[in-house]
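This is final30.txt (compact mmCIF, C-alpha atoms).
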```txt
# COMPACT_ATOMS: atom_id res chain seq x y z
CA MET A 1 41.10 -6.61 1.98
CA PRO A 2 43.03 -9.76 2.97
CA GLU A 3 44.10 -10.42 -0.62
CA GLU A 4 45.66 -6.96 -0.91
CA THR A 5 47.41 -7.34 2.44
CA ALA A 6 48.79 -10.71 1.32
CA LEU A 7 50.02 -9.18 -1.95
CA VAL A 8 51.82 -6.33 -0.19
CA LYS A 9 53.43 -8.78 2.24
CA SER A 10 54.46 -11.08 -0.60
CA VAL A 11 56.07 -8.25 -2.59
CA ARG A 12 57.91 -6.96 0.46
CA THR A 13 59.10 -10.44 1.42
CA GLU A 14 60.35 -11.30 -2.06
CA THR A 15 62.05 -7.92 -2.47
CA ALA A 16 63.86 -8.30 0.86
CA ALA A 17 64.89 -11.87 0.05
CA MET A 18 66.33 -10.87 -3.33
CA ASN A 19 68.03 -7.77 -1.91
CA ARG A 20 70.55 -9.74 0.17
CA ASN A 21 73.52 -8.86 -2.02
CA ASN A 22 74.44 -7.83 -5.53
CA VAL A 23 74.47 -11.41 -6.81
CA THR A 24 70.89 -12.06 -5.70
CA ARG A 25 69.73 -8.68 -7.06
CA THR A 26 71.37 -9.25 -10.42
CA GLN A 27 69.84 -12.72 -10.70
CA ALA A 28 66.42 -11.41 -9.62
CA TYR A 29 66.39 -8.85 -12.43
CA LEU A 30 67.40 -11.48 -15.01
CA SER A 31 64.83 -14.01 -13.79
CA TYR A 32 62.19 -11.32 -13.87
CA TYR A 33 63.11 -10.34 -17.42
CA ARG A 34 62.88 -13.95 -18.56
CA ARG A 35 59.36 -14.16 -17.11
CA ASN A 36 58.33 -10.71 -18.43
CA PRO A 37 60.34 -9.87 -21.56
CA GLU A 38 58.00 -7.00 -22.44
CA VAL A 39 59.52 -5.15 -19.47
CA HIS A 40 62.75 -4.65 -21.35
CA TRP A 41 64.21 -2.28 -18.78
CA SER A 42 64.39 -5.15 -16.30
CA PHE A 43 67.15 -6.58 -18.52
CA LEU A 44 68.86 -3.19 -18.45
CA ALA A 45 68.60 -3.27 -14.64
CA HIS A 46 70.24 -6.71 -14.69
CA MET A 47 73.13 -5.39 -16.79
CA VAL A 48 73.63 -2.29 -14.62
CA SER A 49 73.56 -4.40 -11.46
CA ARG A 50 76.00 -6.86 -12.99
CA ASN A 51 78.37 -4.06 -13.97
CA GLY A 52 78.12 -2.63 -10.46
CA GLY A 53 79.10 -6.07 -9.19
CA TYR A 54 82.14 -6.10 -11.44
CA HIS A 55 83.27 -2.80 -9.95
CA MET A 56 82.64 -4.11 -6.46
CA THR A 57 84.75 -7.17 -7.24
CA ASP A 58 87.50 -4.96 -8.66
CA LEU A 59 87.58 -2.99 -5.42
CA LYS A 60 88.24 -6.21 -3.52
CA SER A 61 90.95 -7.42 -5.92
CA SER A 62 94.67 -6.84 -5.73
CA SER A 63 94.60 -4.73 -8.92
CA MET A 64 93.21 -1.80 -6.95
CA THR A 65 95.60 -1.84 -4.02
CA HIS A 66 97.97 0.64 -5.67
CA LEU A 67 95.16 3.08 -6.59
CA PHE A 68 93.22 3.38 -3.35
CA SER A 69 93.86 2.76 0.30
CA LYS A 70 92.07 -0.19 1.87
CA GLU A 71 89.81 2.25 3.70
CA ASP A 72 88.88 4.09 0.48
CA ARG A 73 88.25 0.81 -1.36
CA GLN A 74 85.95 -0.24 1.47
CA LYS A 75 84.10 3.09 1.34
CA PHE A 76 83.60 2.81 -2.44
CA PHE A 77 82.48 -0.79 -2.07
CA PHE A 78 79.87 0.11 0.55
CA PHE A 79 78.77 3.09 -1.56
CA LEU A 80 78.13 0.81 -4.56
CA GLU A 81 76.44 -1.80 -2.36
CA ARG A 82 74.15 0.76 -0.74
CA ALA A 83 73.31 2.44 -4.06
CA ASN A 84 72.47 -0.87 -5.75
CA SER A 85 70.43 -1.99 -2.75
CA SER A 86 68.47 1.28 -2.63
CA VAL A 87 67.67 1.21 -6.35
CA PHE A 88 66.54 -2.42 -6.06
CA ALA A 89 64.37 -1.67 -3.02
CA ASP A 90 62.61 1.02 -5.05
CA SER A 91 62.36 -0.68 -8.44
CA PHE A 92 61.79 -4.36 -7.74
CA PRO A 93 58.45 -3.95 -5.94
CA GLN A 94 57.19 -2.08 -9.00
CA LEU A 95 58.23 -4.95 -11.23
CA LEU A 96 56.59 -7.50 -8.96
CA LEU A 97 53.39 -5.45 -8.81
CA TYR A 98 53.27 -5.35 -12.59
CA GLU A 99 53.79 -9.11 -12.77
CA HIS A 100 51.00 -9.73 -10.25
CA SER A 101 48.69 -7.28 -12.02
CA LYS A 102 49.19 -9.18 -15.27
CA ARG A 103 47.98 -12.39 -13.64
CA ARG A 104 45.24 -11.05 -11.39
CA LYS A 105 44.02 -7.95 -13.25
CA PHE A 106 44.00 -5.61 -10.25
CA PRO A 107 44.46 -1.82 -10.21
CA PHE A 108 48.25 -1.53 -10.33
CA ARG A 109 48.40 2.20 -9.63
CA LYS A 110 46.64 1.85 -6.28
CA PHE A 111 49.63 -0.05 -4.89
CA LEU A 112 52.32 2.42 -5.94
CA GLN A 113 51.60 4.70 -2.99
CA ILE A 114 51.81 1.79 -0.55
CA PHE A 115 55.39 1.19 -1.72
CA HIS A 116 56.26 4.91 -1.66
CA ILE A 117 56.77 5.03 -5.42
CA SER A 118 57.19 8.57 -6.69
CA ARG A 119 54.06 10.11 -8.13
CA PHE A 120 56.15 11.02 -11.15
CA ILE A 121 56.60 7.36 -12.09
CA ALA A 122 52.86 6.56 -12.03
CA PRO A 123 52.15 8.16 -15.44
CA ILE A 124 55.02 6.20 -16.95
CA TRP A 125 53.51 2.96 -15.70
CA GLU A 126 50.07 4.07 -16.91
CA SER A 127 51.48 4.70 -20.36
CA PHE A 128 53.18 1.31 -20.39
CA LEU A 129 50.05 -0.46 -19.16
CA ASN A 130 47.88 1.19 -21.81
CA GLU A 131 50.15 0.41 -24.74
CA PRO A 132 50.10 -2.93 -26.45
CA HIS A 133 53.51 -4.50 -26.06
CA SER A 134 55.11 -7.63 -27.30
CA PRO A 135 58.21 -9.45 -26.14
CA LEU A 136 61.38 -8.39 -27.88
```
Show me, as structure tokens, the structure contained in the file I just sent.
Amino acid sequence: MPEETALVKSVRTETAAMNRNNVTRTQAYLSYYRRNPEVHWSFLAHMVSRNGGYHMTDLKSSSMTHLFSKEDRQKFFFFLERANSSVFADSFPQLLLYEHSKRRKFPFRKFLQIFHISRFIAPIWESFLNEPHSPL
């Protein structure tokens, strides 16, 4: 299955490339939403990521120096960075798989296990895939 192997590699490569930092993640979600507006939660992901970035910026600014020690600000910053990165690493492959399945009409669910997507999310995708949807 060379085509499937290429797809998995492509999704992994793009996810890693867009998971460099919060700016690239936030932009990836927005770009994705613009290409796939029926996946409205990708815009929500963009907004959540953007807000996380605001908090990360605040932690680096002088306005926080009187509230937290430098060490605590650094810990909170890395916590937000790691959390945002982990969520992206889980969610973005799913979005890319959906986008590819729209174009190529392949069995989307088959790939969820390859990307270690929780079995609890599969029925949600199935429901979404089986419902007619229109861009907002």
Counting all atoms listed in the file, closest pick from A:Val11, A:Met56, A:Val39, A:Leu44 relative to A:Trp125 is A:Val39
Taken to one decimal, the atom CA of A:Leu95-atom CA of A:Leu112 distance is 10.8 Å
Could you check how far atom CA of A:Asn51 sits from atom CA of A:Ala122, in Å to one decimal?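 Between atom CA of A:Asn51 and atom CA of A:Ala122 the gap is 27.7 Å.
Nearest to A:Val8 of all the residues A:Arg35, A:Lys75, A:Lys110, A:His46 is A:Lys110, based on all atoms listed in the file.
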Report as an MDAnalysis selection string all protein, DNA and RNA residues lying within 10 Å of A:Gln74, evaluated on all atoms listed in the file, omitting residues in the same chain fewer than 6 positions from it. chainID A and resid 56 59:60 68 80
Restricting to all atoms listed in the file, whichever of A:Ile124, A:Met64, A:Ile117, A:Leu96 is closest to A:Lys9 is A:Leu96
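Using all atoms listed in the file, the nearest neighbour of A:Ala89 within the list A:Leu129, A:His116, A:Glu3, A:Ser42 is A:His116.
Among the candidates A:Thr13, A:Ser101, A:Gln94, A:Asn22, the residue lying nearest to A:Phe115 is A:Gln94 (atoms considered: all atoms listed in the file).
Here atom CA of A:Phe108 and atom CA of A:Phe92 stand 14.1 Å from one another.
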Restricting the calculation to all atoms listed in the file, which member of A:Glu131, A:Glu99, A:Glu4, A:Glu81 is positioned closest to A:Tyr54?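 Result for the nearest residue to A:Tyr54: A:Glu81.
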Rebuild stretch 53-76 of chain A so that it carries N, CA, C and O atoms, then output the result as a PDB file, in the coordinates of the input.
```pdb
ATOM      1  N   GLY A  53      78.431  -4.939  -9.854  1.00  0.00           N
ATOM      2  CA  GLY A  53      79.100  -6.070  -9.190  1.00  0.00           C
ATOM      3  C   GLY A  53      80.527  -6.235  -9.658  1.00  0.00           C
ATOM      4  O   GLY A  53      81.419  -6.560  -8.856  1.00  0.00           O
ATOM      5  N   TYR A  54      80.758  -6.028 -10.942  1.00  0.00           N
ATOM      6  CA  TYR A  54      82.140  -6.100 -11.440  1.00  0.00           C
ATOM      7  C   TYR A  54      83.013  -5.061 -10.751  1.00  0.00           C
ATOM      8  O   TYR A  54      84.133  -5.343 -10.334  1.00  0.00           O
ATOM      9  N   HIS A  55      82.501  -3.851 -10.617  1.00  0.00           N
ATOM     10  CA  HIS A  55      83.270  -2.800  -9.950  1.00  0.00           C
ATOM     11  C   HIS A  55      83.488  -3.129  -8.475  1.00  0.00           C
ATOM     12  O   HIS A  55      84.560  -2.853  -7.926  1.00  0.00           O
ATOM     13  N   MET A  56      82.492  -3.719  -7.858  1.00  0.00           N
ATOM     14  CA  MET A  56      82.640  -4.110  -6.460  1.00  0.00           C
ATOM     15  C   MET A  56      83.716  -5.181  -6.318  1.00  0.00           C
ATOM     16  O   MET A  56      84.544  -5.124  -5.403  1.00  0.00           O
ATOM     17  N   THR A  57      83.720  -6.125  -7.243  1.00  0.00           N
ATOM     18  CA  THR A  57      84.750  -7.170  -7.240  1.00  0.00           C
ATOM     19  C   THR A  57      86.126  -6.565  -7.457  1.00  0.00           C
ATOM     20  O   THR A  57      87.093  -6.935  -6.787  1.00  0.00           O
ATOM     21  N   ASP A  58      86.213  -5.630  -8.407  1.00  0.00           N
ATOM     22  CA  ASP A  58      87.500  -4.960  -8.660  1.00  0.00           C
ATOM     23  C   ASP A  58      88.031  -4.283  -7.412  1.00  0.00           C
ATOM     24  O   ASP A  58      89.238  -4.302  -7.152  1.00  0.00           O
ATOM     25  N   LEU A  59      87.144  -3.677  -6.640  1.00  0.00           N
ATOM     26  CA  LEU A  59      87.580  -2.990  -5.420  1.00  0.00           C
ATOM     27  C   LEU A  59      88.159  -3.960  -4.396  1.00  0.00           C
ATOM     28  O   LEU A  59      88.980  -3.577  -3.564  1.00  0.00           O
ATOM     29  N   LYS A  60      87.742  -5.200  -4.456  1.00  0.00           N
ATOM     30  CA  LYS A  60      88.240  -6.210  -3.520  1.00  0.00           C
ATOM     31  C   LYS A  60      89.494  -6.914  -4.049  1.00  0.00           C
ATOM     32  O   LYS A  60      90.149  -7.637  -3.320  1.00  0.00           O
ATOM     33  N   SER A  61      89.825  -6.698  -5.322  1.00  0.00           N
ATOM     34  CA  SER A  61      90.950  -7.420  -5.920  1.00  0.00           C
ATOM     35  C   SER A  61      92.269  -6.686  -5.688  1.00  0.00           C
ATOM     36  O   SER A  61      92.306  -5.499  -5.359  1.00  0.00           O
ATOM     37  N   SER A  62      93.338  -7.401  -5.928  1.00  0.00           N
ATOM     38  CA  SER A  62      94.670  -6.840  -5.730  1.00  0.00           C
ATOM     39  C   SER A  62      95.010  -5.766  -6.766  1.00  0.00           C
ATOM     40  O   SER A  62      95.910  -4.962  -6.546  1.00  0.00           O
ATOM     41  N   SER A  63      94.282  -5.717  -7.873  1.00  0.00           N
ATOM     42  CA  SER A  63      94.600  -4.730  -8.920  1.00  0.00           C
ATOM     43  C   SER A  63      94.299  -3.299  -8.469  1.00  0.00           C
ATOM     44  O   SER A  63      94.765  -2.349  -9.090  1.00  0.00           O
ATOM     45  N   MET A  64      93.563  -3.136  -7.423  1.00  0.00           N
ATOM     46  CA  MET A  64      93.210  -1.800  -6.950  1.00  0.00           C
ATOM     47  C   MET A  64      94.042  -1.330  -5.757  1.00  0.00           C
ATOM     48  O   MET A  64      93.920  -0.190  -5.333  1.00  0.00           O
ATOM     49  N   THR A  65      94.868  -2.189  -5.237  1.00  0.00           N
ATOM     50  CA  THR A  65      95.600  -1.840  -4.020  1.00  0.00           C
ATOM     51  C   THR A  65      96.539  -0.651  -4.222  1.00  0.00           C
ATOM     52  O   THR A  65      96.770   0.110  -3.291  1.00  0.00           O
ATOM     53  N   HIS A  66      97.057  -0.474  -5.422  1.00  0.00           N
ATOM     54  CA  HIS A  66      97.970   0.640  -5.670  1.00  0.00           C
ATOM     55  C   HIS A  66      97.237   1.948  -5.979  1.00  0.00           C
ATOM     56  O   HIS A  66      97.832   3.013  -5.969  1.00  0.00           O
ATOM     57  N   LEU A  67      95.936   1.875  -6.247  1.00  0.00           N
ATOM     58  CA  LEU A  67      95.160   3.080  -6.590  1.00  0.00           C
ATOM     59  C   LEU A  67      94.490   3.722  -5.387  1.00  0.00           C
ATOM     60  O   LEU A  67      94.400   4.946  -5.303  1.00  0.00           O
ATOM     61  N   PHE A  68      93.979   2.880  -4.491  1.00  0.00           N
ATOM     62  CA  PHE A  68      93.220   3.380  -3.350  1.00  0.00           C
ATOM     63  C   PHE A  68      93.697   2.685  -2.079  1.00  0.00           C
ATOM     64  O   PHE A  68      94.081   1.522  -2.107  1.00  0.00           O
ATOM     65  N   SER A  69      93.580   3.396  -0.987  1.00  0.00           N
ATOM     66  CA  SER A  69      93.860   2.760   0.300  1.00  0.00           C
ATOM     67  C   SER A  69      92.773   1.733   0.590  1.00  0.00           C
ATOM     68  O   SER A  69      91.680   1.773   0.008  1.00  0.00           O
ATOM     69  N   LYS A  70      93.054   0.825   1.498  1.00  0.00           N
ATOM     70  CA  LYS A  70      92.070  -0.190   1.870  1.00  0.00           C
ATOM     71  C   LYS A  70      90.787   0.481   2.382  1.00  0.00           C
ATOM     72  O   LYS A  70      89.683   0.057   2.052  1.00  0.00           O
ATOM     73  N   GLU A  71      90.969   1.524   3.159  1.00  0.00           N
ATOM     74  CA  GLU A  71      89.810   2.250   3.700  1.00  0.00           C
ATOM     75  C   GLU A  71      88.966   2.873   2.585  1.00  0.00           C
ATOM     76  O   GLU A  71      87.736   2.778   2.601  1.00  0.00           O
ATOM     77  N   ASP A  72      89.612   3.485   1.596  1.00  0.00           N
ATOM     78  CA  ASP A  72      88.880   4.090   0.480  1.00  0.00           C
ATOM     79  C   ASP A  72      88.192   3.022  -0.371  1.00  0.00           C
ATOM     80  O   ASP A  72      87.051   3.211  -0.819  1.00  0.00           O
ATOM     81  N   ARG A  73      88.869   1.904  -0.592  1.00  0.00           N
ATOM     82  CA  ARG A  73      88.250   0.810  -1.360  1.00  0.00           C
ATOM     83  C   ARG A  73      86.995   0.315  -0.636  1.00  0.00           C
ATOM     84  O   ARG A  73      85.971   0.059  -1.248  1.00  0.00           O
ATOM     85  N   GLN A  74      87.093   0.210   0.674  1.00  0.00           N
ATOM     86  CA  GLN A  74      85.950  -0.240   1.470  1.00  0.00           C
ATOM     87  C   GLN A  74      84.802   0.764   1.385  1.00  0.00           C
ATOM     88  O   GLN A  74      83.643   0.381   1.238  1.00  0.00           O
ATOM     89  N   LYS A  75      85.132   2.054   1.449  1.00  0.00           N
ATOM     90  CA  LYS A  75      84.100   3.090   1.340  1.00  0.00           C
ATOM     91  C   LYS A  75      83.405   3.032  -0.023  1.00  0.00           C
ATOM     92  O   LYS A  75      82.178   3.118  -0.108  1.00  0.00           O
ATOM     93  N   PHE A  76      84.189   2.896  -1.093  1.00  0.00           N
ATOM     94  CA  PHE A  76      83.600   2.810  -2.440  1.00  0.00           C
ATOM     95  C   PHE A  76      82.746   1.558  -2.579  1.00  0.00           C
ATOM     96  O   PHE A  76      81.669   1.586  -3.178  1.00  0.00           O
TER      97      PHE A  76
END
```
